[in-house]
Structures are given as C-alpha cells and as structure tokens.
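Visitor: What follows is run.csv, CSV, C-alpha atoms.
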```csv
chain,number,residue,atom,x,y,z
A,106,MET,CA,19.2,11.6,77.6
A,107,ASN,CA,19.2,15.2,78.8
A,108,LYS,CA,21.1,18.4,78.0
A,109,THR,CA,23.1,18.3,81.2
A,110,ASP,CA,24.3,14.7,80.7
A,111,ASN,CA,25.2,15.5,77.1
A,112,LYS,CA,27.5,18.3,78.2
A,113,GLN,CA,29.3,16.1,80.7
A,114,ASN,CA,29.9,13.4,78.1
A,115,ASN,CA,31.2,15.9,75.5
A,116,PRO,CA,34.1,18.0,76.9
A,117,ALA,CA,35.9,18.3,73.6
A,118,PRO,CA,34.7,20.0,70.3
A,119,ALA,CA,33.9,17.8,67.4
A,120,LYS,CA,36.2,17.0,64.5
A,121,VAL,CA,34.7,18.0,61.1
A,122,ILE,CA,34.4,15.2,58.6
A,123,SER,CA,34.1,16.0,55.0
A,124,THR,CA,32.6,13.8,52.3
A,125,LEU,CA,33.1,14.5,48.6
A,126,ASN,CA,30.5,13.4,46.2
A,127,LYS,CA,31.4,13.7,42.5
A,128,GLY,CA,27.9,13.3,41.1
A,129,MET,CA,24.3,12.7,42.1
A,130,HIS,CA,23.6,10.1,44.7
A,131,PRO,CA,23.5,6.6,43.3
A,132,ARG,CA,19.9,6.1,44.5
A,133,ASN,CA,18.7,9.3,42.8
A,134,LEU,CA,16.1,8.4,40.3
A,135,HIS,CA,17.2,11.3,38.0
A,136,ASN,CA,20.8,10.2,37.5
A,137,ALA,CA,20.2,9.3,33.9
A,138,GLY,CA,18.4,12.5,33.0
A,139,TYR,CA,14.7,12.9,32.0
A,140,ASP,CA,12.7,10.5,29.9
A,141,PHE,CA,10.5,13.2,28.4
A,142,GLU,CA,8.4,10.7,26.3
A,143,ALA,CA,7.5,8.8,29.5
A,144,LEU,CA,6.9,12.0,31.4
A,145,ILE,CA,4.5,13.3,28.7
A,146,ASP,CA,2.6,10.0,28.7
A,147,CYS,CA,2.1,10.4,32.4
A,148,TYR,CA,1.3,14.1,32.4
A,149,ARG,CA,0.0,15.3,29.0
A,150,GLU,CA,0.1,19.0,30.1
A,151,LEU,CA,3.9,18.8,29.8
A,152,LYS,CA,3.9,18.2,26.0
A,153,PRO,CA,3.5,21.9,24.9
A,154,PHE,CA,6.7,22.8,26.7
A,155,VAL,CA,8.9,20.0,25.3
A,156,SER,CA,10.8,20.3,22.0
A,157,PRO,CA,14.2,19.2,20.5
A,158,ASN,CA,17.1,21.3,21.6
A,159,ASP,CA,20.1,22.2,19.4
A,160,PHE,CA,21.5,18.7,19.8
A,161,GLY,CA,18.2,17.0,18.8
A,162,ASN,CA,17.4,15.9,22.3
A,163,LEU,CA,14.0,16.6,23.9
A,164,SER,CA,14.2,19.3,26.5
A,165,ILE,CA,12.3,22.4,27.9
A,166,ASP,CA,13.2,26.0,28.4
A,167,TYR,CA,14.4,26.0,32.0
A,168,SER,CA,14.1,29.8,32.2
A,169,SER,CA,10.3,29.5,31.8
A,170,PRO,CA,8.4,29.2,35.1
A,171,SER,CA,5.5,27.4,33.4
A,172,ALA,CA,7.7,24.9,31.8
A,173,VAL,CA,9.6,24.1,35.0
A,174,LYS,CA,6.4,23.8,36.9
A,175,ALA,CA,4.9,21.4,34.4
A,176,LEU,CA,8.2,19.3,34.5
A,177,ASN,CA,8.0,19.2,38.3
A,178,THR,CA,4.4,18.1,38.2
A,179,ALA,CA,5.3,15.3,35.7
A,180,LEU,CA,8.3,14.1,37.7
A,181,LEU,CA,6.4,13.9,40.9
A,182,LYS,CA,3.6,12.0,39.3
A,183,TYR,CA,5.7,9.6,37.2
A,184,HIS,CA,8.5,8.8,39.7
A,185,TYR,CA,6.9,9.4,43.1
A,186,GLY,CA,3.2,8.7,42.7
A,187,ILE,CA,2.1,12.2,43.6
A,188,ASP,CA,-1.0,12.8,41.5
A,189,CYS,CA,-1.9,16.3,42.6
A,190,TRP,CA,0.7,19.0,43.0
A,191,ASP,CA,0.4,22.7,42.5
A,192,ILE,CA,1.9,25.9,43.9
A,193,PRO,CA,0.5,29.5,43.8
A,194,GLN,CA,1.8,31.8,41.2
A,195,GLY,CA,5.0,33.4,42.1
A,196,PHE,CA,6.1,30.8,44.6
A,197,LEU,CA,9.4,28.9,44.5
A,198,CYS,CA,9.4,25.9,42.0
A,199,PRO,CA,12.4,23.8,43.1
A,200,PRO,CA,14.6,21.6,40.9
A,201,ILE,CA,13.7,18.1,42.0
A,202,PRO,CA,17.0,16.1,41.3
A,203,GLY,CA,18.9,18.3,43.7
A,204,ARG,CA,16.3,18.1,46.4
A,205,ALA,CA,16.2,14.3,46.0
A,206,ASP,CA,19.9,14.2,46.5
A,207,TYR,CA,19.6,15.9,49.9
A,208,ILE,CA,17.0,13.3,51.0
A,209,HIS,CA,19.2,10.4,49.9
A,210,HIS,CA,22.2,11.7,51.8
A,211,ILE,CA,20.2,12.2,54.9
A,212,ALA,CA,19.1,8.6,54.6
A,213,ASP,CA,22.8,7.6,54.6
A,214,LEU,CA,23.3,9.8,57.6
A,215,LEU,CA,20.6,7.9,59.5
A,216,ALA,CA,21.8,4.5,58.3
A,217,VAL,CA,22.1,1.9,61.1
A,218,LYS,CA,25.2,-0.3,61.2
A,219,LYS,CA,24.3,-4.0,61.3
A,220,SER,CA,27.3,-6.3,61.1
A,221,SER,CA,29.4,-5.2,58.1
A,222,LYS,CA,26.5,-3.5,56.3
A,223,SER,CA,24.5,-0.3,56.8
A,224,GLN,CA,20.8,-0.4,56.7
A,225,ILE,CA,18.8,2.6,55.5
A,226,PRO,CA,15.9,3.2,57.9
A,227,LYS,CA,12.5,3.2,56.3
A,228,GLY,CA,9.0,3.6,57.4
A,229,ASN,CA,7.1,5.9,59.8
A,230,LYS,CA,9.5,5.4,62.7
A,231,ILE,CA,11.7,8.1,61.2
A,232,ASN,CA,10.4,11.5,62.1
A,233,ALA,CA,11.8,14.4,60.2
A,234,LEU,CA,11.4,18.2,60.6
A,235,ASP,CA,11.6,20.4,57.5
A,236,ILE,CA,12.4,24.0,58.4
A,237,GLY,CA,10.9,26.3,55.8
A,238,THR,CA,8.9,23.7,54.0
A,239,GLY,CA,7.4,26.2,51.5
A,240,ALA,CA,4.3,26.0,49.4
A,241,ASN,CA,5.8,23.2,47.3
A,242,ALA,CA,6.5,20.9,50.3
A,243,ILE,CA,9.1,19.2,48.1
A,244,TYR,CA,11.3,17.6,50.8
A,245,PRO,CA,8.4,15.9,52.7
A,246,LEU,CA,7.0,14.6,49.4
A,247,LEU,CA,10.3,13.1,48.3
A,248,GLY,CA,11.1,11.8,51.8
A,249,THR,CA,7.7,10.1,52.3
A,250,GLN,CA,7.7,8.5,48.9
A,251,SER,CA,11.4,7.5,48.8
A,252,TYR,CA,11.6,6.1,52.4
A,253,GLY,CA,8.1,6.2,54.0
A,254,TRP,CA,9.2,8.7,56.6
A,255,GLN,CA,6.9,11.0,58.7
A,256,PHE,CA,7.4,14.7,58.3
A,257,VAL,CA,6.6,17.9,60.2
A,258,GLY,CA,7.0,21.1,58.1
A,259,SER,CA,7.4,24.6,59.4
A,260,ASP,CA,7.1,28.0,57.7
A,261,VAL,CA,6.6,31.6,58.5
A,262,ASP,CA,4.1,32.1,55.7
A,263,PRO,CA,0.5,30.9,56.3
A,264,VAL,CA,-0.2,30.7,52.5
A,265,SER,CA,2.7,28.3,52.2
A,266,ILE,CA,1.5,26.1,55.0
A,267,GLU,CA,-2.1,26.1,53.6
A,268,ASN,CA,-0.8,25.0,50.2
A,269,ALA,CA,1.5,22.4,51.6
A,270,LEU,CA,-1.3,20.8,53.6
A,271,GLN,CA,-3.6,20.9,50.6
A,272,ILE,CA,-1.0,19.0,48.5
A,273,PHE,CA,-0.9,16.2,51.0
A,274,ALA,CA,-4.7,16.2,51.6
A,275,LEU,CA,-5.2,15.7,47.8
A,276,ASN,CA,-2.8,12.7,47.8
A,277,PRO,CA,-4.4,10.0,50.1
A,278,LYS,CA,-1.3,7.8,49.9
A,279,VAL,CA,0.7,10.3,51.9
A,280,SER,CA,-1.9,12.4,53.6
A,281,ARG,CA,-1.2,11.0,57.1
A,282,LYS,CA,2.5,11.4,56.8
A,283,PHE,CA,2.7,15.2,57.1
A,284,SER,CA,1.7,17.9,59.5
A,285,CYS,CA,2.7,21.6,59.5
A,286,ARG,CA,3.4,24.3,62.1
A,287,LEU,CA,3.4,28.0,61.7
A,288,GLN,CA,6.5,29.9,62.9
A,289,ASN,CA,5.2,33.1,64.3
A,290,ASN,CA,8.6,34.7,64.8
A,291,PRO,CA,10.6,35.0,61.6
A,292,GLN,CA,13.8,35.4,63.7
A,293,HIS,CA,13.4,32.0,65.2
A,294,VAL,CA,14.1,28.6,63.7
A,295,PHE,CA,13.4,25.8,66.2
A,296,ASN,CA,11.9,27.9,69.0
A,297,GLY,CA,8.1,27.8,68.7
A,298,ILE,CA,8.3,24.8,66.4
A,299,ILE,CA,9.8,21.9,68.5
A,300,ASN,CA,7.5,21.2,71.4
A,301,LYS,CA,8.2,19.5,74.7
A,302,GLY,CA,8.2,15.7,74.1
A,303,ASP,CA,9.0,16.0,70.4
A,304,ARG,CA,11.8,13.7,69.1
A,305,PHE,CA,13.1,14.2,65.5
A,306,ASP,CA,15.6,11.9,63.9
A,307,VAL,CA,16.7,14.6,61.5
A,308,THR,CA,16.0,18.2,60.7
A,309,LEU,CA,16.6,19.6,57.2
A,310,CYS,CA,16.5,23.1,55.8
A,311,ASN,CA,17.1,25.0,52.5
A,312,PRO,CA,17.8,28.4,54.0
A,313,PRO,CA,17.0,31.8,52.3
A,314,PHE,CA,20.3,32.6,50.8
A,315,HIS,CA,20.0,36.3,50.2
A,316,ALA,CA,19.9,39.3,52.5
A,317,SER,CA,17.4,41.4,50.4
A,318,LEU,CA,15.0,41.3,47.5
A,319,ALA,CA,17.4,43.2,45.3
A,320,GLU,CA,20.1,40.6,46.0
A,321,ALA,CA,17.7,37.8,45.3
A,322,ASN,CA,16.6,39.2,42.0
A,323,ALA,CA,20.3,39.8,41.0
A,324,GLY,CA,21.1,36.2,41.8
A,325,THR,CA,18.1,35.0,39.6
A,326,THR,CA,19.2,37.3,36.8
A,327,ARG,CA,22.7,35.8,36.9
A,328,LYS,CA,21.3,32.3,36.9
A,329,LEU,CA,19.0,33.0,33.9
A,330,THR,CA,21.7,34.8,32.0
A,331,ASN,CA,24.1,31.9,32.5
A,332,LEU,CA,21.4,29.5,31.2
A,333,ALA,CA,21.1,31.6,28.1
A,334,ALA,CA,24.9,31.9,27.6
A,335,ASN,CA,25.3,28.1,28.1
A,336,ARG,CA,22.7,27.4,25.5
A,337,ALA,CA,24.3,29.8,23.1
A,338,ALA,CA,27.8,28.3,23.7
A,339,LYS,CA,26.6,24.8,23.1
A,340,SER,CA,24.8,25.6,19.9
A,341,GLY,CA,27.5,27.8,18.6
A,342,LYS,CA,25.1,30.7,18.2
A,343,LYS,CA,25.3,34.3,19.5
A,344,GLU,CA,23.0,35.3,22.3
A,345,THR,CA,19.9,37.1,21.1
A,346,LYS,CA,17.9,39.8,22.9
A,347,LYS,CA,15.2,37.2,23.3
A,348,SER,CA,17.5,34.6,24.9
A,349,THR,CA,19.0,37.1,27.4
A,350,ASN,CA,15.8,39.0,28.3
A,351,THR,CA,15.5,37.9,31.9
A,352,GLU,CA,13.4,40.7,33.4
A,353,THR,CA,10.0,38.9,33.1
A,354,ALA,CA,11.5,35.6,34.2
A,355,VAL,CA,13.1,37.2,37.3
A,356,LEU,CA,9.7,38.7,38.3
A,357,ASN,CA,7.8,35.4,37.7
A,358,PHE,CA,10.3,32.6,38.1
A,359,GLY,CA,9.2,32.1,41.7
A,360,GLY,CA,10.1,32.7,45.3
A,361,GLN,CA,8.5,34.7,48.1
A,362,LYS,CA,10.5,36.7,50.7
A,363,ALA,CA,10.7,33.8,53.2
A,364,GLU,CA,11.9,31.4,50.4
A,365,LEU,CA,14.6,33.6,48.9
A,366,TRP,CA,15.8,36.2,51.5
A,367,CYS,CA,15.8,37.2,55.1
A,368,ASP,CA,17.4,39.9,57.2
A,369,GLY,CA,21.1,39.1,57.5
A,370,GLY,CA,20.9,36.5,54.7
A,371,GLU,CA,22.3,33.0,54.9
A,372,LYS,CA,25.0,33.9,57.4
A,373,GLN,CA,22.5,35.2,60.0
A,374,PHE,CA,20.1,32.3,59.4
A,375,LEU,CA,22.8,29.7,60.0
A,376,SER,CA,23.9,31.6,63.2
A,377,ASN,CA,20.4,31.5,64.5
A,378,MET,CA,19.9,27.9,63.6
A,379,ILE,CA,23.1,26.7,65.3
A,380,SER,CA,22.5,28.8,68.4
A,381,GLU,CA,18.9,27.4,68.8
A,382,SER,CA,19.9,23.8,68.0
A,383,GLN,CA,21.8,23.7,71.4
A,384,MET,CA,18.5,24.2,73.2
A,385,PHE,CA,17.0,21.1,71.6
A,386,ALA,CA,20.2,19.0,71.7
A,387,SER,CA,18.6,16.0,73.3
A,388,GLN,CA,15.4,16.1,71.1
A,389,CYS,CA,17.1,15.8,67.7
A,390,LEU,CA,19.5,13.1,66.5
A,391,TRP,CA,20.9,15.1,63.6
A,392,PHE,CA,20.5,18.7,62.6
A,393,THR,CA,21.2,19.4,58.9
A,394,THR,CA,21.0,22.3,56.5
A,395,LEU,CA,22.2,23.3,53.0
A,396,VAL,CA,24.9,25.9,52.9
A,397,SER,CA,25.3,27.9,49.7
A,398,LYS,CA,28.3,30.1,50.3
A,399,LYS,CA,31.7,28.5,51.3
A,400,GLU,CA,32.6,31.4,53.6
A,401,ASN,CA,29.4,30.8,55.5
A,402,LEU,CA,30.3,27.1,55.8
A,403,ASN,CA,33.6,28.0,57.5
A,404,LEU,CA,31.7,30.3,59.9
A,405,ALA,CA,29.2,27.7,60.7
A,406,GLN,CA,31.8,25.1,61.4
A,407,ALA,CA,33.6,27.5,63.8
A,408,MET,CA,30.3,28.1,65.6
A,409,LEU,CA,29.7,24.3,65.9
A,410,GLN,CA,33.2,23.8,67.4
A,411,LYS,CA,32.4,26.6,69.9
A,412,ALA,CA,29.0,25.0,70.7
A,413,LYS,CA,30.8,21.7,71.3
A,414,ALA,CA,28.9,19.6,68.9
A,415,CYS,CA,29.8,15.9,69.2
A,416,GLU,CA,30.0,15.3,65.5
A,417,VAL,CA,30.0,17.5,62.4
A,418,LYS,CA,29.9,16.4,58.8
A,419,VAL,CA,30.1,18.3,55.5
A,420,ILE,CA,28.7,16.5,52.4
A,421,GLU,CA,29.3,18.1,49.0
A,422,MET,CA,26.8,17.3,46.3
A,423,HIS,CA,27.7,17.9,42.6
A,424,GLN,CA,25.3,18.6,39.8
A,425,GLY,CA,27.2,19.6,36.7
A,426,ASN,CA,29.3,22.6,37.7
A,427,LYS,CA,27.2,23.4,40.7
A,428,ILE,CA,28.3,22.4,44.2
A,429,THR,CA,25.8,22.3,47.1
A,430,ARG,CA,26.9,21.5,50.6
A,431,ILE,CA,25.0,19.8,53.4
A,432,LEU,CA,26.2,20.7,56.9
A,433,ALA,CA,25.1,18.1,59.5
A,434,TRP,CA,25.8,18.1,63.3
A,435,THR,CA,24.7,16.3,66.4
A,436,PHE,CA,25.2,17.0,70.1
A,437,LEU,CA,24.8,13.3,71.0
A,438,THR,CA,27.8,11.1,71.7
A,439,VAL,CA,28.2,7.8,69.8
A,440,GLU,CA,26.8,5.9,72.7
A,441,GLN,CA,23.8,8.2,72.9
A,442,GLN,CA,23.2,7.8,69.1
A,443,LEU,CA,23.2,4.0,69.5
A,444,LEU,CA,20.7,4.3,72.4
A,445,TRP,CA,18.5,6.6,70.2
A,446,GLN,CA,18.5,4.0,67.4
A,447,LYS,CA,17.6,1.2,69.8
A,448,TYR,CA,14.7,3.2,71.3
A,449,ARG,CA,13.5,4.0,67.7
A,450,GLU,CA,13.4,0.3,66.8
A,451,LEU,CA,11.3,-0.5,69.9
A,452,ARG,CA,8.7,2.1,69.2
```
Could I get this structure in the form of structure tokens?
Guide:
Amino acid sequence: MNKTDNKQNNPAPAKVISTLNKGMHPRNLHNAGYDFEALIDCYRELKPFVSPNDFGNLSIDYSSPSAVKALNTALLKYHYGIDCWDIPQGFLCPPIPGRADYIHHIADLLAVKKSSKSQIPKGNKINALDIGTGANAIYPLLGTQSYGWQFVGSDVDPVSIENALQIFALNPKVSRKFSCRLQNNPQHVFNGIINKGDRFDVTLCNPPFHASLAEANAGTTRKLTNLAANRAAKSGKKETKKSTNTETAVLNFGGQKAELWCDGGEKQFLSNMISESQMFASQCLWFTTLVSKKENLNLAQAMLQKAKACEVKVIEMHQGNKITRILAWTFLTVEQQLLWQKYRELR
C-alpha cells in the first residue's frame, strides 16, 4: 500500500458514521463504581482519603489532588496489576474510567470480522501510538494490561517522557511493551515521531483543550466549583466558603502546559493532526483523537471530508452528564484494511 495507490482508490470523500453510547463501555471494569474497601486492602495509602459521603457511601474528595492520585494508584494496582505508579507534583492526574472507555472503543474499532462475530485483537501484534502520553502514561498502561498491545508514546516534555519510561521500567510485566519518543517541535504531531518503516494499527490522543494558561485555569475552576455545587445540591446543604474555595486546587490539581493548553487550542491542534495524518496515510490503519468541543468536531469532520478520508467515525462516550467524543478516521479503503489485518496476522 502506498499513498499514490490510496488516492486512486479513493476518489470520493467519506461518509461520517456516528455511534451513540449511553453509558460506559460494557467491558469497562469501572461500570459498577469503586469498591473502596477492596481498593484500600490493595493500597493502604488510600485509606486516609476515604470517608462516608452525605449518603453514607464511601467516597473521596475529588477536588483534592492527593486523594485523586491515591485513588488512581489503587485502581491501577487492583484492577490492572500496576504495582508502581507515580507522577511528579503538578502533573495531570487523569480519571481512569474515562480513559479506559477510550481504550475499549478503540479495541472495537480494530475488531476483526470472522463469520458472524467480531474478534477483538489482543497481544503484541497490535502496535499503538499515543500522542502526548504525558507523565502518567495512562493509555499505554490500560492498553497493555487490558489487551496486551504494544505502545509507542510521544511527548514534547522530556520530564513526562522520563517519568513514563520509569513507570514501565518499575513494572516488569509491562516493561517491554512501551517505548517513548520526544517530539522536538511542539507544532508537529506525527512529523518527527512516525519513522520510515513504522506501522501503527491505531493512534490515539487526548489533545490539550485550551488556548492559554488562563483559559485552562478557568476551566479547572468551573469544574471544581461544579463539583462543590453538586455535592451541596445532593446533600441539601448550602455551599460553604470551604467547599467553593478552588484557588489552591486550581494551582495544584495537575496539568502542565503541554497537557492542558497549546497555541490555538484544540481547534489548531486538530487541524495540525488531520493535515499531518495525510502524510502517513499508508502507515496507520486508524487515526483517533478525543474532541472536547462540538464546534471543533464539526470543523474536523469538514477537514476530513476535504482530505478525502475513506472512513470517518464519531463515537460518543457518556459518563454521567459529561459527553466525550472520539473522532476516528482512515485513509485506507475497505480492501486495504482487510489486507492490513491479514498481514498483521501473519507477522
């Protein structure tokens, strides 16, 4: 398969297919919520952060960076067998259930049709590229432990790369399933990362959503204020100064520049990603990314139509009232996709 052949076989723009998902993925281990007693048994350091909420159920203060970090450490240890996980102070601490949903939907995207059933590909024959892997390396950790895939991570921040590599080095079960590449140009996405001869079954990305530090902090403030308001509404109590004091949490909740914001924000990042993806059309089966803002999704779809992607999919993931969208596209025809799968099975 080469770029020239692909253009000849693809004269018409793709039709966008939307998939609506009304809850977490059925294979998501966190569908039933958190078993805090089991998590504490597995990771004792979580215990000081757990207490009954206003309904008598065990919970944590989700506006506390330390509590969220302890919860993540426990979840990774209990559900995914990751014994050593840590991030530097001030770096992004991601919510694991939503990240796991992304991985499971990608697995469905890669499913191979066999007779009347679909088979989820597992094992190290699947090679995934995580753009902006971050210091937490959460997608490679979930992908390797859920499906046994191989991952390459990329990031513009050397500290993030060093920490991600250290996490895998400290967990021998997955240490050989991950490598990392430094992106030297923050304006580039795939350029400088995908090398000649590379073949990736899927790329994934959680883009920086904001256009500036001020915008990122404002978004975090809104999120934490909403958390406090929801707690107050459920308990029937008025918000107190303590419950709405978000300044410290905004400064410490986590996220460096490359993790939260970039010049031009999500809109510009998506534009760069789609433009560069055409250059590596024959080296990647599926390109995917999260899209936060609906208006940016419409723009990205228009760009993909213009770029003559063969197939475009939009998958909506629902967690409570929050909607997150996965945008997926490929420049390979159906016939080329089948050839890719056959070649993968022969490797």
Visitor: For Pro193 of chain A, find every residue with an atom within 10 Å (counting all atoms listed in the file), except residues of its own chain fewer than 4 positions away, and show them as an MDAnalysis selection string.
Guide: chainID A and resid 197:198 240:241 264:265 268 359
Visitor: Between A:Thr178, A:Ser169, A:Thr394, A:Gln446, which is the closest to Arg149 of chain A once you count only C-alpha atoms?
Guide: A:Thr178
Visitor: Could you give me, as a Markdown table, every segment 411-446 of chain A residue with an atom at most 9 Å from segment 372-384 of chain A, plus its closest atom pair and distance in Å to one decimal, counting only C-alpha atoms, rows ordered by chain then number?
Guide:
```
| residue | atom | partner | partner_atom | distance |
| --- | --- | --- | --- | --- |
| A:Ala412 | CA | A:Gln383 | CA | 7.3 |
| A:Ala414 | CA | A:Gln383 | CA | 8.6 |
| A:Phe436 | CA | A:Gln383 | CA | 7.6 |
```
Visitor: Please, what distance in Å, to one decimal, runs between atom CA of Val279 of chain A and atom CA of Leu246 of chain A?
Guide: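 Separation of atom CA of Val279 of chain A and atom CA of Leu246 of chain A: 8.0 Å.
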Visitor: What's the separation between atom CA of Ile420 of chain A and atom CA of Ile208 of chain A, in Å to one decimal place?
Guide: 12.2 Å
Visitor: Can I get a file of segment 200-256 of chain A from the given structure, C-alpha atoms kept, as a PDB file, in the first residue's frame?
Guide:
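The file below, result-v5.pdb, is the result:
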```pdb
ATOM      1  CA  PRO A 200      -9.722   9.934  35.671  1.00  0.00           C
ATOM      2  CA  ILE A 201      -9.187   6.272  34.862  1.00  0.00           C
ATOM      3  CA  PRO A 202     -12.754   5.147  33.953  1.00  0.00           C
ATOM      4  CA  GLY A 203     -12.991   7.609  31.061  1.00  0.00           C
ATOM      5  CA  ARG A 204      -9.532   6.738  29.815  1.00  0.00           C
ATOM      6  CA  ALA A 205     -10.417   3.043  29.938  1.00  0.00           C
ATOM      7  CA  ASP A 206     -13.544   3.727  27.865  1.00  0.00           C
ATOM      8  CA  TYR A 207     -11.387   5.191  25.087  1.00  0.00           C
ATOM      9  CA  ILE A 208      -9.211   2.071  25.036  1.00  0.00           C
ATOM     10  CA  HIS A 209     -12.208  -0.267  24.842  1.00  0.00           C
ATOM     11  CA  HIS A 210     -13.816   1.662  21.986  1.00  0.00           C
ATOM     12  CA  ILE A 211     -10.526   1.564  20.086  1.00  0.00           C
ATOM     13  CA  ALA A 212     -10.485  -2.195  20.592  1.00  0.00           C
ATOM     14  CA  ASP A 213     -13.931  -2.365  18.979  1.00  0.00           C
ATOM     15  CA  LEU A 214     -12.664  -0.213  16.126  1.00  0.00           C
ATOM     16  CA  LEU A 215      -9.857  -2.721  15.497  1.00  0.00           C
ATOM     17  CA  ALA A 216     -12.125  -5.771  15.784  1.00  0.00           C
ATOM     18  CA  VAL A 217     -11.730  -8.325  13.009  1.00  0.00           C
ATOM     19  CA  LYS A 218     -14.894  -9.743  11.445  1.00  0.00           C
ATOM     20  CA  LYS A 219     -14.883 -13.539  11.496  1.00  0.00           C
ATOM     21  CA  SER A 220     -18.054 -15.185  10.185  1.00  0.00           C
ATOM     22  CA  SER A 221     -20.949 -13.528  12.062  1.00  0.00           C
ATOM     23  CA  LYS A 222     -18.848 -12.398  15.041  1.00  0.00           C
ATOM     24  CA  SER A 223     -16.212  -9.764  15.700  1.00  0.00           C
ATOM     25  CA  GLN A 224     -12.956 -10.713  17.382  1.00  0.00           C
ATOM     26  CA  ILE A 225     -11.112  -8.129  19.481  1.00  0.00           C
ATOM     27  CA  PRO A 226      -7.401  -8.249  18.572  1.00  0.00           C
ATOM     28  CA  LYS A 227      -5.155  -8.924  21.539  1.00  0.00           C
ATOM     29  CA  GLY A 228      -1.437  -9.355  22.034  1.00  0.00           C
ATOM     30  CA  ASN A 229       1.705  -7.624  20.869  1.00  0.00           C
ATOM     31  CA  LYS A 230       0.779  -7.710  17.186  1.00  0.00           C
ATOM     32  CA  ILE A 231      -1.248  -4.569  17.794  1.00  0.00           C
ATOM     33  CA  ASN A 232       1.012  -1.528  17.705  1.00  0.00           C
ATOM     34  CA  ALA A 233      -0.495   1.706  19.055  1.00  0.00           C
ATOM     35  CA  LEU A 234       0.852   5.260  19.071  1.00  0.00           C
ATOM     36  CA  ASP A 235      -0.157   7.523  21.971  1.00  0.00           C
ATOM     37  CA  ILE A 236       0.313  11.184  21.054  1.00  0.00           C
ATOM     38  CA  GLY A 237       1.009  13.220  24.194  1.00  0.00           C
ATOM     39  CA  THR A 238       1.398  10.259  26.507  1.00  0.00           C
ATOM     40  CA  GLY A 239       2.157  12.523  29.484  1.00  0.00           C
ATOM     41  CA  ALA A 240       3.959  11.721  32.707  1.00  0.00           C
ATOM     42  CA  ASN A 241       1.098   9.402  33.740  1.00  0.00           C
ATOM     43  CA  ALA A 242       1.291   7.137  30.624  1.00  0.00           C
ATOM     44  CA  ILE A 243      -2.277   6.124  31.370  1.00  0.00           C
ATOM     45  CA  TYR A 244      -3.358   4.961  27.908  1.00  0.00           C
ATOM     46  CA  PRO A 245      -0.370   2.640  27.370  1.00  0.00           C
ATOM     47  CA  LEU A 246      -0.864   1.193  30.864  1.00  0.00           C
ATOM     48  CA  LEU A 247      -4.553   0.484  30.276  1.00  0.00           C
ATOM     49  CA  GLY A 248      -3.986  -0.785  26.734  1.00  0.00           C
ATOM     50  CA  THR A 249      -1.171  -3.160  27.613  1.00  0.00           C
ATOM     51  CA  GLN A 250      -2.996  -4.594  30.621  1.00  0.00           C
ATOM     52  CA  SER A 251      -6.458  -4.812  29.025  1.00  0.00           C
ATOM     53  CA  TYR A 252      -5.409  -6.234  25.644  1.00  0.00           C
ATOM     54  CA  GLY A 253      -1.663  -6.892  25.667  1.00  0.00           C
ATOM     55  CA  TRP A 254      -0.932  -4.299  22.966  1.00  0.00           C
ATOM     56  CA  GLN A 255       2.439  -2.702  22.248  1.00  0.00           C
ATOM     57  CA  PHE A 256       2.645   1.085  22.661  1.00  0.00           C
TER      58      PHE A 256
END
```
